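Shown below: final-v6.cif, with mmCIF, C-alpha atoms and all ligand atoms.
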data_model
loop_
_atom_site.label_atom_id
_atom_site.label_comp_id
_atom_site.auth_asym_id
_atom_site.auth_seq_id
_atom_site.Cartn_x
_atom_site.Cartn_y
_atom_site.Cartn_z
CA MET M 1 -29.29 30.87 1.64
CA LYS M 2 -26.00 30.87 3.43
CA PHE M 3 -25.06 31.69 7.01
CA PHE M 4 -21.77 31.99 8.75
CA TRP M 5 -21.01 29.17 11.09
CA LEU M 6 -21.21 30.77 14.54
CA PRO M 7 -24.78 32.04 14.49
CA VAL M 8 -26.03 28.64 13.44
CA LEU M 9 -23.84 26.64 15.78
CA LEU M 10 -26.49 26.69 18.50
CA LEU M 11 -29.08 25.64 15.99
CA ILE M 12 -26.97 22.71 14.85
CA VAL M 13 -26.30 21.56 18.40
CA GLY M 14 -30.00 21.87 19.13
CA LEU M 15 -30.87 19.74 16.14
CA ASN M 16 -28.30 17.06 16.81
CA CYS M 17 -30.17 13.86 17.39
CA THR M 18 -27.95 12.83 20.26
CA SER M 19 -28.30 16.02 22.28
CA SER M 20 -29.29 15.33 25.87
CA LYS M 21 -32.57 17.20 25.53
CA GLU M 22 -33.89 15.21 22.63
CA PHE M 23 -32.24 11.91 23.34
CA THR M 24 -34.82 9.60 24.80
CA GLY M 25 -34.01 5.95 24.42
CA PHE M 26 -34.46 4.82 20.86
CA SER M 27 -35.94 8.03 19.54
CA TYR M 28 -32.71 8.97 17.76
CA ASP M 29 -32.35 5.55 16.17
CA PRO M 30 -33.45 4.84 12.62
CA PRO M 31 -36.34 2.39 12.28
CA ASP M 32 -35.73 -1.35 12.72
CA VAL M 33 -32.24 -0.79 14.17
CA THR M 34 -32.56 -3.74 16.54
CA ASN M 35 -32.98 -6.11 13.59
CA THR M 36 -29.28 -6.92 13.37
CA LYS M 37 -29.37 -9.47 10.58
CA ASP M 38 -27.00 -8.70 7.68
CA ARG M 39 -28.00 -5.81 5.41
CA GLU M 40 -26.78 -4.73 2.03
CA VAL M 41 -23.79 -2.39 2.08
CA LYS M 42 -22.89 -0.13 -0.82
CA PRO M 43 -19.24 -0.61 -1.74
CA GLN M 44 -16.94 2.40 -1.73
CA TYR M 45 -14.94 2.49 -4.96
CA ARG M 46 -11.32 3.21 -4.15
CA ARG M 47 -9.91 5.51 -6.79
CA ILE M 48 -8.21 8.76 -7.77
CA ILE M 49 -10.41 11.46 -9.32
CA GLY M 50 -9.11 14.53 -11.14
CA THR M 51 -11.34 17.45 -12.17
CA GLY M 52 -11.16 21.15 -13.15
CA GLN M 53 -8.51 23.14 -14.99
CA PRO M 54 -5.84 23.22 -13.65
CA VAL M 55 -6.68 19.78 -12.26
CA VAL M 56 -7.46 19.17 -8.58
CA TRP M 57 -7.03 15.53 -7.54
CA VAL M 58 -8.51 13.47 -4.73
CA SER M 59 -7.93 9.91 -3.53
CA ASN M 60 -9.77 7.58 -1.15
CA ASN M 61 -7.27 4.82 -1.66
CA PHE M 62 -6.14 4.30 1.96
CA GLU M 63 -7.34 2.80 5.26
CA GLY M 64 -10.12 4.81 6.88
CA ALA M 65 -10.91 6.80 3.74
CA ARG M 66 -14.43 7.78 2.71
CA LEU M 67 -15.26 9.76 -0.38
CA SER M 68 -17.96 8.87 -2.89
CA ASN M 69 -17.42 11.43 -5.63
CA PHE M 70 -15.71 14.73 -6.45
CA TYR M 71 -16.83 17.52 -8.77
CA ALA M 72 -15.65 20.91 -9.95
CA VAL M 73 -18.61 23.26 -9.31
CA ASN M 74 -16.85 26.20 -11.00
CA ASP M 75 -13.29 27.45 -11.53
CA SER M 76 -12.54 27.69 -7.81
CA THR M 77 -15.15 25.61 -5.97
CA PHE M 78 -14.93 21.83 -5.64
CA GLU M 79 -17.45 19.51 -4.01
CA ALA M 80 -16.64 16.30 -2.14
CA PHE M 81 -19.72 14.09 -2.05
CA ILE M 82 -19.90 11.67 0.86
CA GLU M 83 -22.27 8.72 1.24
CA PRO M 84 -22.67 6.27 4.11
CA GLU M 85 -22.26 2.51 3.89
CA ASN M 86 -26.04 1.99 3.89
CA PHE M 87 -29.36 3.45 5.01
CA PRO M 88 -31.04 4.11 7.38
CA ILE M 89 -28.24 5.48 9.50
CA ASN M 90 -27.55 8.01 12.25
CA ASN M 91 -26.14 11.45 11.45
CA SER M 92 -22.45 10.67 11.74
CA PRO M 93 -21.03 11.59 8.31
CA TRP M 94 -17.42 10.40 8.32
CA TYR M 95 -15.14 11.52 5.50
CA ALA M 96 -11.43 11.20 4.80
CA PHE M 97 -9.60 11.81 1.54
CA LYS M 98 -6.34 13.12 0.14
CA ILE M 99 -6.38 16.21 -2.06
CA TRP M 100 -3.73 17.87 -4.23
CA SER M 101 -3.42 20.07 -7.30
CA ASP M 102 -1.17 20.38 -10.32
CA THR M 103 -0.55 24.01 -9.32
CA VAL M 104 -0.37 25.92 -6.04
CA ARG M 105 -3.76 27.56 -5.46
CA THR M 106 -6.49 28.21 -2.90
CA ILE M 107 -9.81 26.51 -3.58
CA SER M 108 -13.22 26.46 -1.91
CA LEU M 109 -13.89 22.91 -0.78
CA ARG M 110 -17.48 21.96 -0.09
CA LEU M 111 -18.44 18.85 1.88
CA ASN M 112 -21.82 17.52 0.79
CA TYR M 113 -23.36 14.49 2.54
CA LYS M 114 -26.06 12.21 1.24
CA ASP M 115 -29.18 12.65 3.38
CA ALA M 116 -27.17 13.95 6.32
CA ARG M 117 -25.97 17.24 7.73
CA HIS M 118 -22.46 18.37 8.53
CA ARG M 119 -21.14 17.19 11.92
CA TYR M 120 -17.34 16.85 12.18
CA ILE M 121 -15.06 19.90 11.87
CA PRO M 122 -12.53 19.08 9.11
CA LYS M 123 -8.99 18.24 10.26
CA ILE M 124 -6.04 18.78 7.90
CA LYS M 125 -3.02 16.54 8.38
CA ILE M 126 0.22 18.48 7.99
CA ASP M 127 3.57 17.04 9.09
CA GLU M 128 1.94 14.09 10.90
CA LYS M 129 -0.29 16.44 12.90
CA PHE M 130 -4.07 16.82 12.46
CA THR M 131 -5.23 20.43 12.84
CA PRO M 132 -8.90 21.52 12.73
CA ILE M 133 -9.72 24.24 10.21
CA ASP M 134 -10.75 27.66 11.49
CA ILE M 135 -14.45 26.88 11.64
CA GLU M 136 -15.38 30.56 12.00
CA GLN M 137 -14.11 31.11 8.46
CA ALA M 138 -16.17 28.22 7.08
CA ILE M 139 -19.67 28.60 5.68
CA TYR M 140 -22.39 26.28 6.88
CA ASP M 141 -25.38 26.09 4.57
CA SER M 142 -28.32 25.22 6.77
CA VAL M 143 -30.49 24.37 3.74
CA GLY M 144 -28.05 22.21 1.82
CA LYS M 145 -26.46 21.12 5.15
CA THR M 146 -23.04 21.44 3.53
CA LEU M 147 -19.84 22.98 4.87
CA GLU M 148 -17.58 25.06 2.63
CA PHE M 149 -14.08 26.24 3.49
CA LYS M 150 -10.94 27.57 1.82
CA LEU M 151 -8.02 25.21 1.38
CA LYS M 152 -4.59 25.81 -0.09
CA VAL M 153 -3.66 22.92 -2.38
CA ASP M 154 -0.41 22.11 -4.14
CA PRO M 155 1.22 19.07 -5.77
CA LYS M 156 1.85 17.47 -2.35
CA PRO M 157 -1.27 15.52 -1.18
CA LYS M 158 -2.98 16.81 1.98
CA LEU M 159 -5.24 14.62 4.08
CA VAL M 160 -8.68 16.06 4.94
CA SER M 161 -10.67 14.03 7.48
CA ALA M 162 -13.52 14.17 9.98
CA GLN M 163 -11.26 13.08 12.83
CA ILE M 164 -7.70 11.84 13.11
CA ILE M 165 -7.17 8.59 11.22
CA THR M 166 -6.51 5.60 13.43
CA ASP M 167 -5.44 3.05 10.81
CA ASN M 168 -3.74 -0.31 11.39
CA GLU M 169 -0.35 1.37 11.72
CA PHE M 170 -1.66 3.69 14.47
CA PHE M 171 -3.32 0.84 16.36
CA ASP M 172 -0.39 -1.58 16.04
CA LYS M 173 1.99 1.08 17.34
CA TRP M 174 -0.19 1.60 20.40
CA LEU M 175 -0.57 -2.15 20.96
CA SER M 176 3.15 -2.77 20.80
CA LYS M 177 3.71 -0.01 23.36
CA ILE M 178 1.08 -1.22 25.84
CA THR M 179 1.94 -4.90 25.55
CA LYS M 180 5.56 -4.23 26.56
CA LYS M 181 4.31 -4.40 30.14
CA PRO M 182 4.59 -7.99 31.36
CA PHE M 183 1.05 -8.03 32.81
CA VAL M 184 -0.61 -6.76 29.59
CA ASN M 185 -1.57 -9.47 27.13
CA ILE M 186 -3.12 -9.38 23.72
CA GLU M 187 -5.21 -12.13 22.24
CA GLN M 188 -7.28 -12.64 19.12
CA ILE M 189 -10.78 -13.58 20.28
CA GLY M 190 -12.48 -13.66 16.90
CA ILE M 191 -12.62 -12.59 13.28
CA SER M 192 -14.75 -9.81 11.82
CA ASN M 193 -17.03 -10.16 8.79
CA LEU M 194 -14.13 -9.18 6.51
CA GLY M 195 -11.58 -11.38 8.28
CA ASN M 196 -9.95 -8.73 10.43
CA SER M 197 -8.77 -9.68 13.89
CA ILE M 198 -10.94 -8.85 16.93
CA LYS M 199 -8.51 -8.34 19.76
CA GLU M 200 -8.75 -8.44 23.51
CA ILE M 201 -6.25 -6.72 25.76
CA SER M 202 -6.14 -8.08 29.27
CA ILE M 203 -4.39 -6.72 32.32
CA ASN M 204 -3.74 -9.53 34.74
CA GLU M 205 -1.48 -9.51 37.75
CA VAL M 206 -3.76 -11.38 40.17
CA LEU M 207 -2.88 -14.88 41.27
CA ASN M 208 -5.20 -17.60 39.95
CA ASP M 209 -6.42 -18.75 43.37
CA LYS M 210 -7.13 -15.23 44.61
CA GLU M 211 -10.60 -13.69 44.38
CA ALA M 212 -10.46 -10.87 41.83
CA GLY M 213 -12.86 -8.37 40.37
CA VAL M 214 -13.16 -7.91 36.61
CA LEU M 215 -13.46 -4.57 34.83
CA VAL M 216 -14.74 -4.79 31.24
CA ILE M 217 -14.00 -2.02 28.73
CA MET M 218 -15.48 -1.72 25.24
CA SER M 219 -14.54 0.75 22.53
CA ARG M 220 -15.09 1.75 18.89
CA GLN M 221 -18.36 0.04 18.15
CA HIS M 222 -19.03 3.11 15.98
CA PRO M 223 -16.15 3.90 13.60
CA PRO M 224 -16.17 7.75 13.56
CA GLU M 225 -16.18 8.00 17.36
CA VAL M 226 -12.47 8.64 17.66
CA SER M 227 -12.51 10.88 20.76
CA GLY M 228 -14.07 8.05 22.79
CA PHE M 229 -11.61 5.56 21.32
CA LEU M 230 -8.63 7.75 22.28
CA ALA M 231 -10.09 8.15 25.78
CA SER M 232 -10.26 4.36 26.11
CA LEU M 233 -6.59 4.02 25.13
CA PHE M 234 -5.46 6.60 27.72
CA PHE M 235 -7.69 4.86 30.24
CA ILE M 236 -5.90 1.54 29.73
CA GLU M 237 -2.52 3.27 29.91
CA GLU M 238 -3.47 4.66 33.32
CA LEU M 239 -4.70 1.26 34.57
CA SER M 240 -1.36 -0.23 33.57
CA ALA M 241 0.74 2.63 35.00
CA GLU M 242 3.49 2.12 37.53
CA SER M 243 1.71 4.15 40.22
CA GLU M 244 0.97 2.75 43.67
CA LEU M 245 -2.76 3.09 43.00
CA ALA M 246 -2.58 1.16 39.73
CA GLU M 247 -0.41 -1.54 41.28
CA ASN M 248 -2.91 -1.95 44.15
CA PHE M 249 -5.73 -2.05 41.65
CA ARG M 250 -4.03 -4.73 39.55
CA SER M 251 -3.52 -6.91 42.61
CA GLU M 252 -7.33 -6.99 43.09
CA PHE M 253 -8.78 -6.58 39.58
CA LYS M 254 -8.38 -8.03 36.13
CA VAL M 255 -9.14 -5.81 33.13
CA ARG M 256 -10.70 -7.23 29.97
CA MET M 257 -10.66 -4.67 27.18
CA PHE M 258 -11.99 -4.80 23.63
CA PRO M 259 -10.43 -1.69 22.12
CA LEU M 260 -11.56 -1.96 18.50
CA ILE M 261 -14.56 -4.17 17.99
CA ASN M 262 -15.47 -2.77 14.56
CA PRO M 263 -12.22 -2.94 12.54
CA ASP M 264 -14.05 -3.36 9.21
CA GLY M 265 -16.05 -0.19 9.76
CA VAL M 266 -12.97 1.79 10.77
CA LEU M 267 -10.82 0.64 7.84
CA ASN M 268 -13.61 1.27 5.32
CA GLY M 269 -14.58 4.68 6.62
CA HIS M 270 -18.09 3.69 7.74
CA TRP M 271 -20.39 6.19 9.39
CA ARG M 272 -21.63 3.73 12.02
CA HIS M 273 -22.08 0.11 10.97
CA ASN M 274 -19.94 -2.99 10.55
CA ALA M 275 -19.30 -4.64 7.16
CA ALA M 276 -22.70 -6.33 7.35
CA GLY M 277 -24.38 -2.93 7.56
CA VAL M 278 -25.41 -3.43 11.20
CA ASP M 279 -25.13 -1.18 14.27
CA LEU M 280 -23.09 -3.42 16.59
CA ASN M 281 -24.38 -1.60 19.65
CA ARG M 282 -27.88 -2.91 18.96
CA ASP M 283 -26.78 -6.54 18.66
CA TRP M 284 -26.19 -7.41 22.33
CA GLU M 285 -29.33 -9.52 22.53
CA ASN M 286 -29.51 -11.36 19.21
CA PHE M 287 -25.77 -11.67 18.56
CA ASN M 288 -26.21 -11.92 14.81
CA GLN M 289 -22.75 -10.47 14.16
CA PRO M 290 -19.34 -12.18 14.62
CA GLU M 291 -17.90 -9.10 16.35
CA THR M 292 -20.41 -9.10 19.23
CA ARG M 293 -20.36 -12.91 19.46
CA ALA M 294 -16.57 -12.89 19.90
CA VAL M 295 -16.80 -10.61 22.93
CA ARG M 296 -19.76 -12.50 24.41
CA ASP M 297 -17.94 -15.83 24.09
CA ALA M 298 -14.76 -14.39 25.60
CA LEU M 299 -16.58 -13.07 28.68
CA LEU M 300 -19.23 -15.71 29.46
CA PRO M 301 -16.77 -18.17 31.10
CA ILE M 302 -16.42 -15.66 33.97
CA LEU M 303 -19.85 -16.82 35.14
CA LYS M 304 -18.40 -20.28 35.79
CA THR M 305 -15.23 -19.04 37.48
CA PRO M 306 -15.98 -18.79 41.23
CA LYS M 307 -13.04 -16.52 42.02
CA ARG M 308 -13.83 -13.94 39.35
CA LYS M 309 -16.65 -11.40 39.45
CA VAL M 310 -17.51 -8.64 36.97
CA PHE M 311 -17.81 -5.37 38.90
CA TYR M 312 -18.23 -2.84 36.14
CA GLY M 313 -18.45 -2.22 32.40
CA ILE M 314 -17.52 0.92 30.43
CA ASP M 315 -18.45 1.46 26.77
CA PHE M 316 -16.63 4.42 25.15
CA HIS M 317 -18.39 6.48 22.44
CA SER M 318 -18.41 10.05 21.10
CA THR M 319 -21.13 12.63 20.53
CA ASN M 320 -21.71 16.39 20.50
CA GLU M 321 -21.04 16.77 24.26
CA ASN M 322 -19.39 14.94 27.15
CA ILE M 323 -22.23 12.84 28.48
CA PHE M 324 -22.68 9.77 30.66
CA TYR M 325 -25.53 7.36 30.16
CA PRO M 326 -25.76 5.41 33.43
CA ILE M 327 -28.24 2.69 34.27
CA GLU M 328 -31.03 4.43 36.17
CA GLU M 329 -30.81 4.44 39.93
CA SER M 330 -34.01 2.44 40.46
CA VAL M 331 -32.38 -0.61 38.80
CA LYS M 332 -30.51 -2.66 41.40
CA THR M 333 -26.97 -3.39 40.17
CA TYR M 334 -23.86 -4.63 41.96
CA PRO M 335 -22.15 -2.40 42.94
CA ASP M 336 -25.31 -0.26 43.09
CA ASN M 337 -25.37 3.24 41.55
CA PHE M 338 -21.63 2.97 41.01
CA THR M 339 -21.70 5.19 37.90
CA GLN M 340 -23.44 8.00 39.77
CA LYS M 341 -20.71 7.91 42.46
CA TRP M 342 -17.95 7.81 39.85
CA ILE M 343 -19.36 10.74 37.84
CA SER M 344 -19.18 13.04 40.87
CA PHE M 345 -15.43 12.38 41.09
CA ILE M 346 -14.87 12.88 37.34
CA GLU M 347 -16.75 16.18 37.54
CA SER M 348 -14.84 17.50 40.53
CA ASP M 349 -11.47 16.41 39.09
CA ASN M 350 -12.29 18.25 35.82
CA SER M 351 -14.26 21.23 37.06
CA ASP M 352 -13.32 23.30 33.99
CA ILE M 353 -15.11 20.86 31.67
CA GLU M 354 -18.83 20.38 31.22
CA PHE M 355 -20.41 16.95 31.61
CA ALA M 356 -24.01 15.90 31.26
CA THR M 357 -25.74 12.79 32.57
CA GLU M 358 -28.86 11.04 31.39
CA GLU M 359 -30.03 7.81 32.97
CA PHE M 360 -31.73 4.97 31.11
CA ASP M 361 -33.57 1.78 31.84
CA THR M 362 -31.97 -1.48 30.76
CA SER M 363 -34.32 -2.51 27.95
CA SER M 364 -32.25 -1.71 24.84
CA PRO M 365 -29.90 -4.35 23.34
CA ILE M 366 -26.74 -2.35 23.91
CA PHE M 367 -23.42 -3.48 25.42
CA LYS M 368 -23.91 -1.75 28.77
CA ASN M 369 -27.24 -3.50 29.32
CA TRP M 370 -25.78 -6.87 28.35
CA ILE M 371 -23.14 -6.43 31.08
CA PHE M 372 -25.90 -5.75 33.59
CA ARG M 373 -28.19 -8.55 32.43
CA THR M 374 -25.38 -11.11 32.28
CA PHE M 375 -23.30 -10.28 35.33
CA GLY M 376 -25.62 -8.08 37.44
CA ALA M 377 -22.91 -5.41 37.41
CA ASP M 378 -23.33 -1.70 36.92
CA ALA M 379 -22.16 -0.27 33.58
CA VAL M 380 -22.02 3.03 31.71
CA THR M 381 -21.92 4.45 28.21
CA PHE M 382 -19.21 7.14 28.36
CA GLU M 383 -19.60 9.64 25.49
CA VAL M 384 -16.70 12.01 24.81
CA TYR M 385 -17.29 15.30 22.97
CA ASP M 386 -16.44 14.96 19.25
CA GLU M 387 -14.18 18.01 19.09
CA LEU M 388 -12.31 17.70 22.39
CA ASP M 389 -8.57 18.21 21.87
CA ILE M 390 -6.33 15.27 22.62
CA LYS M 391 -4.70 16.84 25.69
CA THR M 392 -8.09 17.34 27.33
CA ILE M 393 -9.18 13.82 26.39
CA GLU M 394 -6.04 12.51 28.07
CA LYS M 395 -6.58 14.61 31.21
CA ILE M 396 -10.19 13.51 31.65
CA SER M 397 -9.44 9.91 30.87
CA ARG M 398 -6.46 9.48 33.20
CA SER M 399 -8.18 11.23 36.11
CA ALA M 400 -11.32 9.16 35.50
CA ALA M 401 -9.25 5.96 35.54
CA GLN M 402 -7.69 6.99 38.84
CA SER M 403 -10.99 7.72 40.58
CA LEU M 404 -12.44 4.51 39.15
CA MET M 405 -9.59 2.43 40.58
CA ARG M 406 -10.04 3.99 44.03
CA LEU M 407 -13.79 3.43 44.00
CA LEU M 408 -13.57 -0.15 42.73
CA LEU M 409 -10.97 -1.04 45.37
CA GLY M 410 -13.39 0.30 47.99
CA GLU M 411 -16.28 -1.75 46.57
CA LYS M 412 -14.22 -4.93 46.42
CA SER M 413 -13.16 -4.66 50.05
CA LYS M 414 -16.83 -5.02 51.06
CA THR M 415 -17.76 -7.76 48.58
CA ARG M 416 -18.18 -11.47 49.23
CA PHE M 417 -17.63 -13.76 46.25
CA ASN M 418 -20.32 -16.38 46.52
CA LYS M 419 -21.60 -17.82 43.28
CA ASN M 420 -24.51 -20.21 43.30
ZN ZN J 501 -21.53 5.53 19.53
#

Could you rewrite the structure in this file as structure tokens?
Amino acid sequence: MKFFWLPVLLLIVGLNCTSSKEFTGFSYDPPDVTNTKDREVKPQYRRIIGTGQPVVWVSNNFEGARLSNFYAVNDSTFEAFIEPENFPINNSPWYAFKIWSDTVRTISLRLNYKDARHRYIPKIKIDEKFTPIDIEQAIYDSVGKTLEFKLKVDPKPKLVSAQIITDNEFFDKWLSKITKKPFVNIEQIGISNLGNSIKEISINEVLNDKEAGVLVIMSRQHPPEVSGFLASLFFIEELSAESELAENFRSEFKVRMFPLINPDGVLNGHWRHNAAGVDLNRDWENFNQPETRAVRDALLPILKTPKRKVFYGIDFHSTNENIFYPIEESVKTYPDNFTQKWISFIESDNSDIEFATEEFDTSSPIFKNWIFRTFGADAVTFEVYDELDIKTIEKISRSAAQSLMRLLLGEKSKTRFNKN
């Protein structure tokens, strides 16, 4: 049975395992997720597939691609079958592939996911720009959990993907732009399972003998969560801006940022895990994975540096709404209840956008809780809505960076740095 998209949109949102109503701690996690020892990962075969008459072709032979198989269902309908890197896994079905045809024609393209339901609205890359399809014209099958839409194909390959592709070229371009500033440095702090570089970006304009706060920023633990990743990049741009506020901030605070901690997952089009099949954001207690260990080992020396103090940690993610997961108010952090204060500014600076908040205790082995347990600082998981357009992401992120700088400067002015 088939339904048009809009009537079932509410149903889909209601069913999403990360919706604020249903999300209670680990309940959305697959079983045994905190066992972060290496698991088997099914390889994705990189190839070109042609099917039908006249032939329609697809390719997953590029960075960030994910496509498991491709079939002609009938003369005009084609099905892209998409599998995750391993099971069990959260419902975050990433896909990205190129598609073209020997002749100019309009086909029905159906996205079919293994043991998952449709989540990301398809984006088509035309002339370097990713544009979402008109989702009201697409058909969501609530039984098969597939999405079917019309696509014009011709001999020139088109890219179809769950979100914009942020491959090595994209990331290197951004890095070379941000590191032009003399106070922004880039350093390799470790190597991923597949030998990719784990990078840290630091913003440092404070003198060595001056007491300085440290702001820690984490991003892209989960490969498909591009809206949160983009927000983190705008955030850093604002912290390194030439405004009076940012200059004041940089005279009192260092920034330690880990913008892409799961490069293997991103480059291989994973739904959630790293190359060892593990959810990195459940490994902040056991540190079984080289990616989490690299960040831990880069940050721990702060504990032995008397003139440096971690004030706050932000971990950027994406889900089906804009939502903050603060540490609950009853937990004493330093600064205390900082996230709650910050959220009120983000909300009033972006009154046209909806935000939700759900507080948690500090028991789960996630990055935010490791920041609290290790440094006593407050920290937040900042989830950006999957389908937010890039202009809105930039607006939220830059305004949030500005209010954060103001608030942290205020907190530092009343802080004494005594380490025992
Ligand atoms: Zn996430």

Dump the neighbourhood of ligand ZN 501 (chain J) as a list in words: all residues within 10 Å, distances computed on all atoms listed in the file.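 Residues lying within 10 Å of ligand ZN 501 (chain J): Thr18, Asn90, Ser92, Ser219, Arg220, Gln221, His222, Pro223, Pro224, Glu225, Val226, Gly228, Arg272, Asp279, Leu280, Asn281, Asp315, Phe316, His317, Ser318, Thr319, Thr381, Phe382, Glu383 and Val384 of chain M.
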
Fewer than 6 positions away in the same chain doesn't count, so skip those; otherwise give me all residues within 10 Å of stretch 108-111 of chain M, counting only C-alpha atoms, as number ranges by chain. M: 67, 70-82, 95, 117-118, 122, 138-140, 145-152

Long-range neighbours of M:Ile165 as a list of chain:residue names, 10 Å cut-off, only C-alpha atoms, 3 positions minimum in chain: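 So the residues in contact are M:Glu63, M:Gly64, M:Ala65, M:Ala96, M:Lys123, M:Lys125, M:Phe130, M:Leu159, M:Val160, M:Ser161, M:Ala162, M:Asn168, M:Glu169, M:Phe170, M:Pro224, M:Val226, M:Val266, M:Leu267, M:Gly269.
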
Please produce a file of those selected residues containing C-alpha atoms, as a compact mmCIF listing (two decimals), in the coordinates of the input.
# COMPACT_ATOMS: atom_id res chain seq x y z
CA GLU M 63 -7.34 2.80 5.26
CA GLY M 64 -10.12 4.81 6.88
CA ALA M 65 -10.91 6.80 3.74
CA ALA M 96 -11.43 11.20 4.80
CA LYS M 123 -8.99 18.24 10.26
CA LYS M 125 -3.02 16.54 8.38
CA PHE M 130 -4.07 16.82 12.46
CA LEU M 159 -5.24 14.62 4.08
CA VAL M 160 -8.68 16.06 4.94
CA SER M 161 -10.67 14.03 7.48
CA ALA M 162 -13.52 14.17 9.98
CA ASN M 168 -3.74 -0.31 11.39
CA GLU M 169 -0.35 1.37 11.72
CA PHE M 170 -1.66 3.69 14.47
CA PRO M 224 -16.17 7.75 13.56
CA VAL M 226 -12.47 8.64 17.66
CA VAL M 266 -12.97 1.79 10.77
CA LEU M 267 -10.82 0.64 7.84
CA GLY M 269 -14.58 4.68 6.62

Within 7 Å of stretch 31-39 of chain M, which residues of stretch 210-313 of chain M come that close, and what is the closest atom pair and distance in Å for each? Count all atoms listed in the file and give it as a tab-separated table.
residue	atom	partner	partner_atom	distance
M:Ala276	CA	M:Asp38	CA	4.9
M:Gly277	CA	M:Arg39	CA	5.1
M:Val278	CA	M:Thr36	CA	5.6
M:Arg282	CA	M:Thr34	CA	5.3
M:Asp283	CA	M:Thr36	CA	5.9
M:Asn288	CA	M:Lys37	CA	5.8

Counting all atoms listed in the file, which residue out of M:Ala116, M:Ala212, M:Ala377, M:Leu230 sits closest to M:Asn248? M:Ala212

Which residue, M:Asn91, M:Gln188, M:Asn268, M:Ser232, has the smallest gap to M:Arg66 when you use all atoms listed in the file?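 Nearest to M:Arg66: M:Asn268.
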
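Distance annotation: of M:Asn112, M:Thr362, M:Ser68, M:Asn204, the residue with the minimal separation from M:Arg308 is M:Asn204; atom set is all atoms listed in the file.
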
Distance criterion (only C-alpha atoms): nearest to M:Leu233 out of M:Phe249, M:Arg398, M:Asn262, M:Ile124: M:Arg398

If we count all atoms listed in the file and set the cut-off at 12 Å, which residues sit around M:Lys177, ignoring sequence neighbours fewer than 6 positions away in its own chain? Please answer as an MDAnalysis selection string. chainID M and resid 170:171 184:186 233 236:237 240

Skip stretch 290-294 of chain M itself and residues of its chain fewer than 2 positions away, then list as a PyMOL selection string all residues within 9 Å of it, counting only C-alpha atoms. chain M and resi 189-193+198+261-262+274+280-281+283-284+287-288+296-299+367

Expected file contents, prior selection, C-alpha atoms, as a tab-separated table (two decimals), in the coordinates of the input:
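Output below, filename result31.tsv:
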chain	number	residue	atom	x	y	z
M	189	ILE	CA	-10.78	-13.58	20.28
M	190	GLY	CA	-12.48	-13.66	16.90
M	191	ILE	CA	-12.62	-12.59	13.28
M	192	SER	CA	-14.75	-9.81	11.82
M	193	ASN	CA	-17.03	-10.16	8.79
M	198	ILE	CA	-10.94	-8.85	16.93
M	261	ILE	CA	-14.56	-4.17	17.99
M	262	ASN	CA	-15.47	-2.77	14.56
M	274	ASN	CA	-19.94	-2.99	10.55
M	280	LEU	CA	-23.09	-3.42	16.59
M	281	ASN	CA	-24.38	-1.60	19.65
M	283	ASP	CA	-26.78	-6.54	18.66
M	284	TRP	CA	-26.19	-7.41	22.33
M	287	PHE	CA	-25.77	-11.67	18.56
M	288	ASN	CA	-26.21	-11.92	14.81
M	296	ARG	CA	-19.76	-12.50	24.41
M	297	ASP	CA	-17.94	-15.83	24.09
M	298	ALA	CA	-14.76	-14.39	25.60
M	299	LEU	CA	-16.58	-13.07	28.68
M	367	PHE	CA	-23.42	-3.48	25.42

Which of these residues is nearest to M:Ile393, using all atoms listed in the file: M:Asn350, M:Asn196, M:Thr106, M:Thr415?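 That would be M:Asn350, the residue with the smallest distance to M:Ile393.
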